[in-house]
Amino acid sequence: MVSQELLEILRCPACVQEKEGLLDYYKESWLVCRECGRKYPIRQDIPVMLIDEGERWLSTTVENLPVPPPDK
Ligand SMILES: [Zn+2]
């Protein structure tokens, strides 16, 4: 589980400078940016908030995200 406190403070690193970068929590496995659609995997309960990682999943629709996320 990722704590509610952590989920509330996390923002998309690609968007937060100019916008809110709010994230949607999806199936306890992903954080999806409402602004840009980057998708950040949660691995072993740790959100991987790397822009490069988020970009890998840009063209994947939310419904097609693997649950749980792949290790690499
Ligand atoms: Zn974003």
# chains A, B, ... in the order shown; residues from 1 in each chain; ligands from 1
call {"tool": "residues_near_ligand", "arguments": {"ligand": "ligand 1", "cutoff": "9 Å", "atoms": "only C-alpha atoms and all ligand atoms", "output": "list in words"}}
result
Arg11, Cys12, Pro13, Ala14, Cys15, Val16, Lys19, Glu20, Gly21, Leu22, Leu23, Val32, Cys33, Arg34, Glu35, Cys36, Gly37, Arg38, Lys39, Ile51 and Gly54 of chain A
call {"tool": "select_by_dssp", "arguments": {"residues": "chain A", "states": "helix (DSSP H, G or I)", "output": "ChimeraX atom specification"}}
result
/A:4-9,51-56,62-64
call {"tool": "select_by_dssp", "arguments": {"residues": "stretch 12-42 of chain A", "states": "strand (DSSP E)", "output": "PyMOL selection string"}}
result
chain A and resi 23-26+30-33+39-42
call {"tool": "write_last_selection", "arguments": {"atoms": "C-alpha atoms", "output": "PDB file, in the first residue's frame"}}
result
ATOM      1  CA  LEU A  23      -2.242  12.347 -10.452  1.00  0.00           C
ATOM      2  CA  ASP A  24      -4.959   9.718 -10.532  1.00  0.00           C
ATOM      3  CA  TYR A  25      -4.310   6.525  -8.594  1.00  0.00           C
ATOM      4  CA  TYR A  26      -5.114   3.524 -10.782  1.00  0.00           C
ATOM      5  CA  TRP A  30      -0.097   3.411 -11.387  1.00  0.00           C
ATOM      6  CA  LEU A  31      -0.207   7.164 -11.017  1.00  0.00           C
ATOM      7  CA  VAL A  32      -1.620   8.841 -14.120  1.00  0.00           C
ATOM      8  CA  CYS A  33      -1.068  12.553 -14.715  1.00  0.00           C
ATOM      9  CA  LYS A  39       1.916   7.156 -16.265  1.00  0.00           C
ATOM     10  CA  TYR A  40       4.155   6.367 -13.327  1.00  0.00           C
ATOM     11  CA  PRO A  41       4.397   2.774 -12.107  1.00  0.00           C
ATOM     12  CA  ILE A  42       4.286   1.837  -8.434  1.00  0.00           C
TER      13      ILE A  42
END
call {"tool": "residues_around", "arguments": {"residues": "A:Ile46", "least_positions_apart": "2", "cutoff": "12 Å", "atoms": "only C-alpha atoms", "output": "PyMOL selection string"}}
result
chain A and resi 1-3+6-7+10+28-31+40-44+48-50+69+71
call {"tool": "write_last_selection", "arguments": {"atoms": "C-alpha atoms", "output": "PDB file, in the first residue's frame"}}
result
ATOM      1  CA  MET A   1       0.000   0.000   0.000  1.00  0.00           C
ATOM      2  CA  VAL A   2       1.079   3.534  -0.710  1.00  0.00           C
ATOM      3  CA  SER A   3       0.049   5.856   2.110  1.00  0.00           C
ATOM      4  CA  LEU A   6       2.175  10.282   0.115  1.00  0.00           C
ATOM      5  CA  LEU A   7      -0.436  10.065  -2.635  1.00  0.00           C
ATOM      6  CA  LEU A  10       2.948  13.458  -5.202  1.00  0.00           C
ATOM      7  CA  GLU A  28      -2.979   0.634  -6.700  1.00  0.00           C
ATOM      8  CA  SER A  29      -0.354   0.181  -9.417  1.00  0.00           C
ATOM      9  CA  TRP A  30      -0.097   3.411 -11.387  1.00  0.00           C
ATOM     10  CA  LEU A  31      -0.207   7.164 -11.017  1.00  0.00           C
ATOM     11  CA  TYR A  40       4.155   6.367 -13.327  1.00  0.00           C
ATOM     12  CA  PRO A  41       4.397   2.774 -12.107  1.00  0.00           C
ATOM     13  CA  ILE A  42       4.286   1.837  -8.434  1.00  0.00           C
ATOM     14  CA  ARG A  43       6.782  -0.925  -7.803  1.00  0.00           C
ATOM     15  CA  GLN A  44       6.967  -2.665  -4.423  1.00  0.00           C
ATOM     16  CA  VAL A  48       8.609   5.661  -9.586  1.00  0.00           C
ATOM     17  CA  MET A  49       8.322   9.386 -10.310  1.00  0.00           C
ATOM     18  CA  LEU A  50      10.795   9.642 -13.174  1.00  0.00           C
ATOM     19  CA  PRO A  69       3.604  -2.924 -13.568  1.00  0.00           C
ATOM     20  CA  ASP A  71       9.820  -4.666 -13.077  1.00  0.00           C
TER      21      ASP A  71
END
call {"tool": "atom_distance", "arguments": {"atom1": "atom CA of A:Arg56", "atom2": "atom CA of A:Glu8"}}
result
23.5 Å
call {"tool": "closest_residue", "arguments": {"among": "A:Glu63, A:Pro70, A:Ile9, A:Leu58", "to": "A:Lys27", "atoms": "only C-alpha atoms"}}
result
A:Glu63
call {"tool": "atom_distance", "arguments": {"atom1": "atom CA of A:Asp45", "atom2": "atom CA of A:Leu65"}}
result
16.7 Å
